[in-house]
file input-v7.tsv (TSV, C-alpha atoms)
chain	number	residue	atom	x	y	z
Q	1	MET	CA	20.13	-110.32	-0.80
Q	2	ARG	CA	21.04	-107.41	-2.95
Q	3	SER	CA	19.96	-103.99	-2.03
Q	4	GLY	CA	21.19	-100.47	-2.22
Q	5	ARG	CA	20.79	-100.21	1.51
Q	6	TRP	CA	23.25	-101.13	4.13
Q	7	THR	CA	21.66	-104.23	5.64
Q	8	ALA	CA	22.27	-106.16	8.77
Q	9	THR	CA	23.84	-109.14	6.89
Q	10	LYS	CA	27.13	-107.34	6.81
Q	11	HIS	CA	29.50	-106.92	9.71
Q	12	LEU	CA	27.81	-109.64	11.81
Q	13	SER	CA	29.51	-110.22	15.08
Q	14	ALA	CA	29.82	-113.46	16.98
Q	15	GLY	CA	26.62	-112.72	18.80
Q	16	GLY	CA	24.61	-112.49	15.60
Q	17	LEU	CA	24.20	-108.75	15.77
Q	18	PRO	CA	25.92	-106.31	13.52
Q	19	ASP	CA	28.63	-104.06	14.85
Q	20	LEU	CA	27.15	-100.63	14.40
Q	21	PRO	CA	29.43	-97.68	13.88
Q	22	GLN	CA	29.54	-95.08	16.62
Q	23	GLY	CA	26.70	-92.62	16.34
Q	24	SER	CA	24.48	-94.95	14.16
Q	25	ARG	CA	21.16	-96.62	14.98
Q	26	ARG	CA	19.16	-99.59	13.60
Q	27	LEU	CA	15.76	-99.07	11.96
Q	28	SER	CA	12.84	-101.52	12.19
Q	29	CYS	CA	13.45	-102.69	8.62
Q	30	GLY	CA	16.97	-103.77	9.48
Q	31	CYS	CA	18.66	-100.76	7.98
Q	32	VAL	CA	21.34	-98.86	9.74
Q	33	THR	CA	21.47	-95.11	9.59
Q	34	GLN	CA	24.42	-92.95	10.50
Q	35	SER	CA	23.55	-90.16	12.94
Q	36	PRO	CA	25.40	-86.90	12.47
Q	37	ALA	CA	27.99	-86.06	15.06
Q	38	PRO	CA	26.66	-83.59	17.61
Q	39	ARG	CA	27.87	-80.06	17.02
Q	40	ARG	CA	29.39	-78.05	19.77
Q	41	GLU	CA	27.63	-74.70	19.84
Q	42	LEU	CA	29.67	-71.75	20.98
Q	43	PRO	CA	27.94	-69.39	23.40
Q	44	HIS	CA	26.80	-66.19	21.77
Q	45	PRO	CA	28.10	-63.07	23.49
Q	46	LEU	CA	25.41	-60.91	25.03
Q	47	PRO	CA	25.07	-57.30	23.99
Q	48	THR	CA	26.85	-54.74	26.10
Q	49	TYR	CA	23.70	-53.41	27.78
Q	50	GLN	CA	22.62	-56.99	28.71
Q	51	ARG	CA	25.99	-57.85	30.26
Q	52	GLN	CA	25.77	-54.88	32.59
Q	53	ALA	CA	24.72	-55.79	36.10
Q	54	MET	CA	23.08	-52.44	36.77
Q	55	HIS	CA	20.41	-50.63	34.79
Q	56	PRO	CA	21.77	-47.52	33.02
Q	57	LEU	CA	19.17	-45.28	34.64
Q	58	ILE	CA	20.03	-46.50	38.15
Q	59	ARG	CA	23.73	-46.09	37.44
Q	60	THR	CA	23.09	-42.54	36.20
Q	61	ILE	CA	21.09	-41.69	39.33
Q	62	LEU	CA	23.88	-42.95	41.58
Q	63	GLN	CA	26.49	-41.02	39.62
Q	64	ARG	CA	24.46	-37.81	39.79
Q	65	LEU	CA	23.88	-38.27	43.52
Q	66	ALA	CA	27.61	-38.73	44.07
Q	67	LEU	CA	28.38	-35.61	42.05
Q	68	GLY	CA	25.68	-33.74	43.96
Q	69	GLY	CA	27.29	-34.72	47.26
Q	70	VAL	CA	30.66	-33.48	46.04
Q	71	ALA	CA	29.06	-30.22	44.88
Q	72	LEU	CA	27.36	-29.72	48.26
Q	73	PHE	CA	30.66	-30.30	50.03
Q	74	ALA	CA	32.37	-27.75	47.78
Q	75	VAL	CA	29.57	-25.23	48.40
Q	76	SER	CA	29.85	-25.70	52.16
Q	77	VAL	CA	33.61	-25.07	52.05
Q	78	VAL	CA	33.22	-21.97	49.86
Q	79	VAL	CA	30.44	-20.51	52.02
Q	80	PHE	CA	32.30	-21.15	55.27
Q	81	SER	CA	35.48	-19.61	53.86
Q	82	ALA	CA	33.66	-16.59	52.46
Q	83	LEU	CA	32.00	-15.88	55.80
Q	84	GLU	CA	35.40	-16.06	57.48
Q	85	PHE	CA	36.64	-13.18	55.32
Q	86	LEU	CA	33.71	-10.88	56.06
Q	87	PRO	CA	34.87	-7.66	57.67
Q	88	GLY	CA	33.86	-6.89	61.21
Q	89	ASP	CA	32.98	-9.15	64.10
Q	90	PHE	CA	29.60	-10.47	65.25
Q	91	ALA	CA	30.41	-10.18	68.95
Q	92	THR	CA	31.46	-6.54	68.59
Q	93	SER	CA	28.38	-5.67	66.49
Q	94	VAL	CA	26.05	-7.25	69.08
Q	95	LEU	CA	27.69	-5.91	72.23
Q	96	GLY	CA	28.45	-2.50	70.79
Q	97	ARG	CA	31.63	-0.45	70.69
Q	98	ASN	CA	31.46	0.37	74.40
Q	99	ALA	CA	31.94	-3.26	75.42
Q	100	THR	CA	35.21	-4.10	77.12
Q	101	PRO	CA	37.67	-6.47	75.41
Q	102	GLU	CA	37.12	-9.01	78.18
Q	103	THR	CA	33.36	-9.04	77.54
Q	104	VAL	CA	33.90	-9.43	73.79
Q	105	GLU	CA	36.31	-12.31	74.29
Q	106	ALA	CA	33.95	-14.04	76.70
Q	107	PHE	CA	31.10	-13.69	74.22
Q	108	ARG	CA	33.31	-15.05	71.41
Q	109	ASP	CA	34.21	-18.03	73.60
Q	110	GLU	CA	30.52	-18.69	74.20
Q	111	LEU	CA	29.82	-18.63	70.46
Q	112	GLY	CA	32.88	-20.75	69.64
Q	113	LEU	CA	34.39	-18.06	67.41
Q	114	ASN	CA	37.81	-18.37	69.07
Q	115	LEU	CA	38.23	-21.95	67.84
Q	116	PRO	CA	40.38	-22.64	64.75
Q	117	PRO	CA	38.44	-22.40	61.46
Q	118	ALA	CA	39.03	-26.06	60.56
Q	119	GLU	CA	37.66	-27.21	63.91
Q	120	ARG	CA	34.61	-24.99	63.60
Q	121	TYR	CA	33.95	-26.22	60.06
Q	122	LEU	CA	34.19	-29.89	61.05
Q	123	GLY	CA	31.87	-29.29	63.98
Q	124	TRP	CA	29.36	-27.49	61.79
Q	125	ILE	CA	29.37	-29.99	58.92
Q	126	GLY	CA	29.19	-32.90	61.36
Q	127	GLY	CA	26.09	-31.39	62.91
Q	128	VAL	CA	24.53	-30.91	59.48
Q	129	LEU	CA	25.10	-34.59	58.67
Q	130	ARG	CA	23.28	-35.45	61.91
Q	131	GLY	CA	20.42	-33.11	61.04
Q	132	ASP	CA	21.49	-30.38	63.47
Q	133	LEU	CA	21.89	-26.97	61.81
Q	134	GLY	CA	23.15	-25.37	64.99
Q	135	HIS	CA	21.87	-22.37	66.92
Q	136	SER	CA	21.40	-18.81	65.80
Q	137	PHE	CA	23.92	-16.25	66.96
Q	138	ALA	CA	21.17	-13.65	67.30
Q	139	GLY	CA	19.52	-15.55	70.13
Q	140	ARG	CA	22.63	-16.46	72.10
Q	141	ALA	CA	22.57	-13.27	74.15
Q	142	PHE	CA	19.01	-13.95	75.24
Q	143	THR	CA	17.58	-17.43	74.58
Q	144	PRO	CA	19.29	-20.06	72.39
Q	145	ARG	CA	17.19	-20.63	69.26
Q	146	ALA	CA	17.74	-23.48	66.83
Q	147	VAL	CA	18.42	-22.55	63.22
Q	148	SER	CA	15.85	-25.08	62.04
Q	149	ASP	CA	13.14	-23.24	64.00
Q	150	ILE	CA	14.01	-20.08	62.06
Q	151	VAL	CA	14.62	-21.50	58.58
Q	152	LEU	CA	12.00	-24.24	58.18
Q	153	PRO	CA	8.87	-22.04	58.58
Q	154	ARG	CA	10.31	-19.54	56.11
Q	155	LEU	CA	11.19	-22.38	53.73
Q	156	ALA	CA	7.57	-23.54	53.87
Q	157	ASN	CA	6.44	-20.03	52.84
Q	158	THR	CA	8.89	-20.01	49.92
Q	159	LEU	CA	7.73	-23.45	48.76
Q	160	PHE	CA	4.12	-22.26	48.92
Q	161	LEU	CA	4.97	-19.27	46.73
Q	162	ALA	CA	6.93	-21.48	44.32
Q	163	ALA	CA	4.13	-24.06	44.09
Q	164	ILE	CA	1.47	-21.46	43.24
Q	165	THR	CA	3.75	-19.84	40.67
Q	166	ALA	CA	4.67	-23.16	39.04
Q	167	ALA	CA	1.03	-24.26	38.87
Q	168	ILE	CA	0.24	-21.13	36.85
Q	169	ALA	CA	3.43	-20.49	34.89
Q	170	VAL	CA	4.33	-23.97	33.60
Q	171	PRO	CA	1.02	-24.72	31.78
Q	172	VAL	CA	0.83	-21.18	30.38
Q	173	ALA	CA	4.42	-21.29	29.12
Q	174	LEU	CA	3.97	-24.71	27.49
Q	175	LEU	CA	0.72	-23.64	25.81
Q	176	LEU	CA	2.22	-20.40	24.50
Q	177	GLY	CA	5.32	-22.22	23.29
Q	178	LEU	CA	3.30	-24.88	21.44
Q	179	MET	CA	1.03	-22.27	19.85
Q	180	ALA	CA	3.99	-20.10	18.83
Q	181	ALA	CA	5.64	-23.12	17.21
Q	182	LEU	CA	2.44	-24.17	15.46
Q	183	TYR	CA	1.67	-20.65	14.17
Q	184	ARG	CA	5.25	-19.48	13.73
Q	185	ASN	CA	6.00	-16.40	11.64
Q	186	THR	CA	2.43	-15.21	12.15
Q	187	ARG	CA	1.22	-12.12	13.99
Q	188	PHE	CA	0.55	-14.17	17.13
Q	189	ASP	CA	4.12	-15.52	17.10
Q	190	ARG	CA	5.62	-12.07	16.67
Q	191	ILE	CA	3.54	-10.57	19.49
Q	192	VAL	CA	4.41	-13.36	21.91
Q	193	ASN	CA	8.10	-13.17	21.04
Q	194	ALA	CA	8.18	-9.39	21.51
Q	195	ALA	CA	6.42	-9.65	24.88
Q	196	THR	CA	8.72	-12.38	26.17
Q	197	LEU	CA	11.85	-10.60	24.98
Q	198	SER	CA	10.75	-7.44	26.77
Q	199	THR	CA	10.15	-9.39	29.98
Q	200	VAL	CA	13.52	-11.12	29.78
Q	201	ALA	CA	15.30	-7.80	29.17
Q	202	MET	CA	13.83	-6.12	32.25
Q	203	PRO	CA	15.39	-6.76	35.68
Q	204	GLU	CA	13.25	-8.64	38.12
Q	205	PHE	CA	13.04	-5.82	40.66
Q	206	LEU	CA	11.83	-3.46	37.91
Q	207	VAL	CA	9.05	-5.89	36.99
Q	208	ALA	CA	8.09	-6.11	40.67
Q	209	TYR	CA	7.93	-2.33	41.12
Q	210	LEU	CA	5.91	-1.91	37.92
Q	211	VAL	CA	3.45	-4.54	39.13
Q	212	ILE	CA	3.14	-2.72	42.47
Q	213	LEU	CA	2.67	0.63	40.73
Q	214	VAL	CA	-0.11	-0.63	38.47
Q	215	LEU	CA	-1.98	-3.17	40.62
Q	216	ALA	CA	-1.40	-1.79	44.13
Q	217	VAL	CA	-1.15	2.00	43.67
Q	218	LYS	CA	-3.02	3.00	40.51
Q	219	LEU	CA	-5.53	0.16	40.74
Q	220	PRO	CA	-5.56	-0.83	44.42
Q	221	ALA	CA	-6.71	-4.40	43.87
Q	222	PHE	CA	-3.92	-6.20	45.75
Q	223	TYR	CA	-1.58	-5.64	48.68
Q	224	ALA	CA	1.81	-4.09	48.01
Q	225	MET	CA	3.32	-5.98	50.97
Q	226	SER	CA	2.85	-9.73	51.07
Q	227	THR	CA	2.71	-10.55	54.75
Q	228	LEU	CA	1.56	-13.96	55.98
Q	229	SER	CA	0.36	-14.90	59.43
Q	230	PRO	CA	-0.33	-18.36	60.89
Q	231	GLY	CA	-4.08	-17.73	61.21
Q	232	MET	CA	-4.71	-16.87	57.54
Q	233	ASP	CA	-6.82	-19.20	55.42
Q	234	LEU	CA	-6.00	-20.24	51.86
Q	235	THR	CA	-8.00	-17.45	50.22
Q	236	GLU	CA	-6.25	-14.75	52.24
Q	237	LYS	CA	-2.85	-16.31	51.48
Q	238	LEU	CA	-3.57	-16.39	47.76
Q	239	GLN	CA	-4.60	-12.73	47.84
Q	240	ALA	CA	-1.46	-11.83	49.78
Q	241	VAL	CA	0.90	-13.60	47.34
Q	242	ALA	CA	-0.88	-12.47	44.16
Q	243	LEU	CA	1.67	-9.82	43.19
Q	244	PRO	CA	4.79	-11.93	43.92
Q	245	VAL	CA	3.25	-14.79	41.94
Q	246	LEU	CA	2.53	-12.46	39.03
Q	247	THR	CA	6.08	-11.09	39.09
Q	248	LEU	CA	7.72	-14.51	39.15
Q	249	SER	CA	5.33	-15.84	36.50
Q	250	LEU	CA	6.18	-13.06	34.07
Q	251	VAL	CA	9.89	-13.80	34.54
Q	252	ILE	CA	9.88	-17.58	34.13
Q	253	ILE	CA	7.11	-17.83	31.50
Q	254	ALA	CA	9.32	-15.97	29.05
Q	255	HIS	CA	12.22	-18.41	29.43
Q	256	MET	CA	10.10	-21.57	29.32
Q	257	MET	CA	7.99	-20.36	26.41
Q	258	ARG	CA	11.00	-19.52	24.23
Q	259	MET	CA	12.74	-22.82	24.98
Q	260	THR	CA	9.55	-24.77	24.24
Q	261	ARG	CA	9.08	-22.95	20.95
Q	262	ALA	CA	12.70	-23.52	19.86
Q	263	ALA	CA	12.61	-27.23	20.79
Q	264	ILE	CA	9.33	-27.87	18.95
Q	265	ILE	CA	10.44	-26.00	15.83
Q	266	GLY	CA	13.67	-28.02	15.78
Q	267	VAL	CA	11.73	-31.29	15.87
Q	268	LEU	CA	9.19	-30.16	13.26
Q	269	ALA	CA	11.97	-30.19	10.63
Q	270	SER	CA	12.43	-33.98	11.04
Q	271	PRO	CA	11.47	-36.38	8.20
Q	272	TYR	CA	8.94	-38.33	10.28
Q	273	ILE	CA	7.05	-35.11	11.00
Q	274	GLU	CA	6.86	-34.44	7.25
Q	275	MET	CA	5.62	-38.00	6.72
Q	276	ALA	CA	2.91	-37.51	9.33
Q	277	ARG	CA	1.78	-34.34	7.59
Q	278	LEU	CA	1.70	-36.10	4.22
Q	279	LYS	CA	-0.51	-38.80	5.74
Q	280	GLY	CA	-3.03	-36.12	6.67
Q	281	VAL	CA	-2.47	-35.99	10.44
Q	282	ARG	CA	-3.94	-32.87	12.01
Q	283	PRO	CA	-1.46	-30.15	13.05
Q	284	TRP	CA	-2.24	-30.32	16.77
Q	285	ARG	CA	-1.93	-34.10	16.71
Q	286	VAL	CA	1.44	-33.77	14.97
Q	287	ILE	CA	2.59	-31.39	17.72
Q	288	LEU	CA	1.28	-33.37	20.69
Q	289	ARG	CA	1.78	-36.94	19.45
Q	290	HIS	CA	4.97	-36.74	17.39
Q	291	ALA	CA	6.89	-33.53	18.12
Q	292	LEU	CA	6.39	-32.97	21.86
Q	293	PRO	CA	7.65	-36.40	23.09
Q	294	ASN	CA	10.87	-36.01	21.09
Q	295	ALA	CA	11.42	-32.43	22.32
Q	296	LEU	CA	10.73	-33.30	25.94
Q	297	ALA	CA	14.36	-33.36	27.15
Q	298	PRO	CA	15.20	-29.65	26.63
Q	299	ILE	CA	11.75	-28.62	27.81
Q	300	VAL	CA	12.12	-30.61	31.04
Q	301	ASN	CA	15.54	-29.06	31.60
Q	302	VAL	CA	14.26	-25.50	31.31
Q	303	ILE	CA	11.30	-26.32	33.57
Q	304	ALA	CA	13.70	-27.72	36.19
Q	305	PHE	CA	15.88	-24.59	35.97
Q	306	SER	CA	12.78	-22.41	36.35
Q	307	LEU	CA	11.58	-24.34	39.40
Q	308	ALA	CA	15.04	-24.08	40.94
Q	309	TYR	CA	14.92	-20.33	40.30
Q	310	LEU	CA	11.61	-20.14	42.16
Q	311	VAL	CA	13.38	-21.35	45.31
Q	312	VAL	CA	16.95	-20.17	44.84
Q	313	GLY	CA	16.49	-16.91	42.95
Q	314	VAL	CA	13.43	-15.63	44.74
Q	315	VAL	CA	15.48	-13.40	47.07
Q	316	VAL	CA	14.85	-10.18	45.12
Q	317	THR	CA	11.11	-10.73	44.90
Q	318	GLU	CA	10.81	-11.55	48.60
Q	319	VAL	CA	12.78	-8.45	49.56
Q	320	VAL	CA	10.70	-6.16	47.33
Q	321	PHE	CA	7.37	-7.48	48.63
Q	322	VAL	CA	8.66	-8.08	52.20
Q	323	TYR	CA	7.56	-11.70	51.87
Q	324	PRO	CA	8.53	-13.88	54.87
Q	325	GLY	CA	10.42	-16.49	52.88
Q	326	ILE	CA	13.84	-18.06	53.09
Q	327	GLY	CA	15.33	-15.42	50.78
Q	328	GLN	CA	14.28	-12.61	53.11
Q	329	THR	CA	15.58	-14.65	56.04
Q	330	MET	CA	19.00	-14.98	54.39
Q	331	VAL	CA	19.19	-11.24	53.71
Q	332	ASP	CA	18.34	-10.46	57.32
Q	333	ALA	CA	20.91	-13.00	58.53
Q	334	VAL	CA	23.65	-11.44	56.38
Q	335	ARG	CA	22.74	-8.00	57.70
Q	336	ASN	CA	22.88	-9.26	61.31
Q	337	ARG	CA	25.99	-11.43	60.69
Q	338	ASP	CA	24.07	-14.50	61.85
Q	339	ILE	CA	26.51	-17.00	60.34
Q	340	PRO	CA	24.68	-20.30	61.14
Q	341	VAL	CA	21.48	-19.05	59.49
Q	342	VAL	CA	23.39	-17.89	56.40
Q	343	GLN	CA	25.11	-21.27	56.12
Q	344	ALA	CA	21.84	-23.17	56.48
Q	345	CYS	CA	20.06	-21.07	53.86
Q	346	THR	CA	22.95	-21.49	51.43
Q	347	LEU	CA	22.99	-25.26	51.83
Q	348	ILE	CA	19.23	-25.40	51.28
Q	349	PHE	CA	19.57	-23.36	48.09
Q	350	ALA	CA	22.38	-25.56	46.79
Q	351	ALA	CA	20.58	-28.81	47.66
Q	352	THR	CA	17.39	-27.63	45.95
Q	353	TYR	CA	19.24	-26.64	42.80
Q	354	ILE	CA	21.15	-29.94	42.65
Q	355	LEU	CA	18.09	-32.13	43.28
Q	356	LEU	CA	15.98	-30.40	40.64
Q	357	ASN	CA	18.75	-30.69	38.08
Q	358	LEU	CA	19.13	-34.37	39.00
Q	359	LEU	CA	15.41	-34.84	38.40
Q	360	ALA	CA	15.67	-33.12	35.02
Q	361	ASP	CA	18.59	-35.34	34.00
Q	362	ILE	CA	16.72	-38.50	35.01
Q	363	ILE	CA	13.61	-37.52	33.05
Q	364	SER	CA	15.69	-36.55	30.00
Q	365	ILE	CA	17.58	-39.85	30.00
Q	366	ALA	CA	14.49	-41.95	30.71
Q	367	THR	CA	12.59	-40.41	27.79
Q	368	SER	CA	15.49	-40.79	25.33
Q	369	PRO	CA	16.55	-44.38	24.40
Q	370	ARG	CA	19.63	-42.95	22.66
Q	371	LEU	CA	20.84	-41.51	25.98
Q	372	LEU	CA	19.63	-44.45	28.04
Q	373	HIS	CA	21.68	-47.00	26.05
Q	374	ALA	CA	24.57	-44.81	25.01
Q	375	LYS	CA	27.61	-46.70	23.70

call {"tool": "encode", "arguments": {"input": "input-v7.tsv", "output": "structure tokens"}}
result
Amino acid sequence: MRSGRWTATKHLSAGGLPDLPQGSRRLSCGCVTQSPAPRRELPHPLPTYQRQAMHPLIRTILQRLALGGVALFAVSVVVFSALEFLPGDFATSVLGRNATPETVEAFRDELGLNLPPAERYLGWIGGVLRGDLGHSFAGRAFTPRAVSDIVLPRLANTLFLAAITAAIAVPVALLLGLMAALYRNTRFDRIVNAATLSTVAMPEFLVAYLVILVLAVKLPAFYAMSTLSPGMDLTEKLQAVALPVLTLSLVIIAHMMRMTRAAIIGVLASPYIEMARLKGVRPWRVILRHALPNALAPIVNVIAFSLAYLVVGVVVTEVVFVYPGIGQTMVDAVRNRDIPVVQACTLIFAATYILLNLLADIISIATSPRLLHAK
């Protein structure tokens, strides 16, 4: 039997069956085919971002939180040390110059001021970690008063003022910035830029006094002093904080508007924006759909800085309008040498600033794949 195939007549064994080579198999027609040797596939290495056990955003949040904790610790040390070097003595200022040295020493022992500075710092920071801000020095001579009972109501007033200001200033600043970028080098752009530059150049207290002069003295439409009481309803509160809100809005709108305009103009020079224009996309759609998402990181950062300013830098505005916020409380505590209240206010300011900057970093990284998967 002649054939070009390899048949079963060859290589017959004693049992009548052919000895098949290793890796071969017999077909139904009697032919034998050789199977290819199995290949050993090497494992493909995973990309770097897939080999990581933790998501980059989560790792960034943990890193920022750790840095924020270190910054808060450093702030607490600096504030405690600075208060130690203040001239004068709280016990002497409270008891008066006619107090005997024995009375002053007894009062200092009651306040714990005779303890070593390191021991007093460890006691204070340990109480803060437990949620205890201590007791006010001003109430020790009469009735002990917790610092939280003094600071937290004033903090609520400051947050109310900041929330109303942010609800007005952020949309207005974004709208003005987008319009100035869309109609740049026009009369509208020049007017807005001149107005914002003038507002930035003026000190905050000057803006506040001008607002009082115009809207509370010349045109008595609002109150010059923004006092709040527990029994006031929302309408009365809004009328009382109208002038502080206007002052803060004029200050932060200028910064946010200019940053928004600069970020949008920088993105509008990109090739994909030019391609969208050549395809006939409307200008507002180009701004909102293509330019704004890619310019979101710097805009979010300046918004976060502005919101932090509404809590941290509101001291001048609260003092001018005698607003019962945490800034006014800190000024009164410094004047009265109430050290626990000053320390608590400072820590609240630092924590607010750090948390808002952390939020800005997270939003910036989450909206930018280049930063999220940085090599």

call {"tool": "atom_distance", "arguments": {"input": "input-v7.tsv", "atom1": "CA of Leu246 in chain Q", "atom2": "CA of Leu355 in chain Q"}}
result
25.4 Å

call {"tool": "residues_around", "arguments": {"input": "input-v7.tsv", "residues": "range 161-176 of chain Q", "least_positions_apart": "4", "cutoff": "8 Å", "atoms": "only C-alpha atoms", "output": "PyMOL selection string"}}
result
chain Q and resi 157+180+192+241+244-246+248-250+252-254+256-257+260+303+307+310-311

call {"tool": "closest_residue", "arguments": {"input": "input-v7.tsv", "among": "Q:Leu358, Q:Leu234, Q:Leu243, Q:Ile61", "to": "Leu215 in chain Q", "atoms": "all atoms listed in the file"}}
result
Q:Leu243

call {"tool": "residues_around", "arguments": {"input": "input-v7.tsv", "residues": "Glu84 in chain Q", "least_positions_apart": "4", "cutoff": "12 Å", "atoms": "all atoms listed in the file", "output": "list in words"}}
result
Val77, Val78, Val79, Phe80, Gly88, Asp89, Phe90, Leu113, Pro116, Pro117, Ala118, Arg120, Tyr121, Arg337, Ile339 and Gln343 of chain Q

call {"tool": "atom_distance", "arguments": {"input": "input-v7.tsv", "atom1": "CA of Asp361 in chain Q", "atom2": "CA of Arg130 in chain Q"}}
result
28.3 Å

call {"tool": "closest_residue", "arguments": {"input": "input-v7.tsv", "among": "Q:Arg261, Q:Arg190, Q:Arg277, Q:Arg184", "to": "Leu292 in chain Q", "atoms": "all atoms listed in the file"}}
result
Q:Arg261

call {"tool": "atom_distance", "arguments": {"input": "input-v7.tsv", "atom1": "CA of Val314 in chain Q", "atom2": "CA of Leu159 in chain Q"}}
result
10.5 Å

call {"tool": "residues_around", "arguments": {"input": "input-v7.tsv", "residues": "range 226-229 of chain Q", "least_positions_apart": "2", "cutoff": "6 Å", "atoms": "all atoms listed in the file", "output": "list in words"}}
result
Gly231, Met232, Ala240, Val241, Phe321 and Tyr323 of chain Q

call {"tool": "closest_residue", "arguments": {"input": "input-v7.tsv", "among": "Q:Arg154, Q:Arg145, Q:Lys237, Q:Arg59", "to": "Met330 in chain Q", "atoms": "only C-alpha atoms"}}
result
Q:Arg154

call {"tool": "residues_near_point", "arguments": {"input": "input-v7.tsv", "point": "(16.8, -16.9, 43.7)", "cutoff": "12 Å", "atoms": "only C-alpha atoms", "output": "PyMOL selection string"}}
result
chain Q and resi 158+162+204+248+251-252+305-319+325-328+330-331+345-346+348-350+352-353

call {"tool": "residues_near_point", "arguments": {"input": "input-v7.tsv", "point": "(23.4, -33.0, 43.6)", "cutoff": "9 Å", "atoms": "only C-alpha atoms", "output": "ChimeraX atom specification"}}
result
/Q:64-72,350-358

call {"tool": "decode", "arguments": {"input": "input-v7.tsv", "residues": "range 278-291 of chain Q", "atoms": "C-alpha atoms", "output": "PDB file, in the first residue's frame"}}
result
ATOM      1  CA  LEU Q 278     -13.545  74.283  13.118  1.00  0.00           C
ATOM      2  CA  LYS Q 279     -16.288  71.677  13.460  1.00  0.00           C
ATOM      3  CA  GLY Q 280     -18.763  74.470  14.132  1.00  0.00           C
ATOM      4  CA  VAL Q 281     -19.317  73.953  17.871  1.00  0.00           C
ATOM      5  CA  ARG Q 282     -20.942  76.952  19.521  1.00  0.00           C
ATOM      6  CA  PRO Q 283     -18.680  79.162  21.667  1.00  0.00           C
ATOM      7  CA  TRP Q 284     -20.520  78.527  24.937  1.00  0.00           C
ATOM      8  CA  ARG Q 285     -20.479  74.789  24.284  1.00  0.00           C
ATOM      9  CA  VAL Q 286     -16.742  74.963  23.622  1.00  0.00           C
ATOM     10  CA  ILE Q 287     -16.265  76.736  26.960  1.00  0.00           C
ATOM     11  CA  LEU Q 288     -18.521  74.505  29.059  1.00  0.00           C
ATOM     12  CA  ARG Q 289     -17.952  71.133  27.380  1.00  0.00           C
ATOM     13  CA  HIS Q 290     -14.297  71.245  26.340  1.00  0.00           C
ATOM     14  CA  ALA Q 291     -12.441  74.049  28.135  1.00  0.00           C
TER      15      ALA Q 291
END
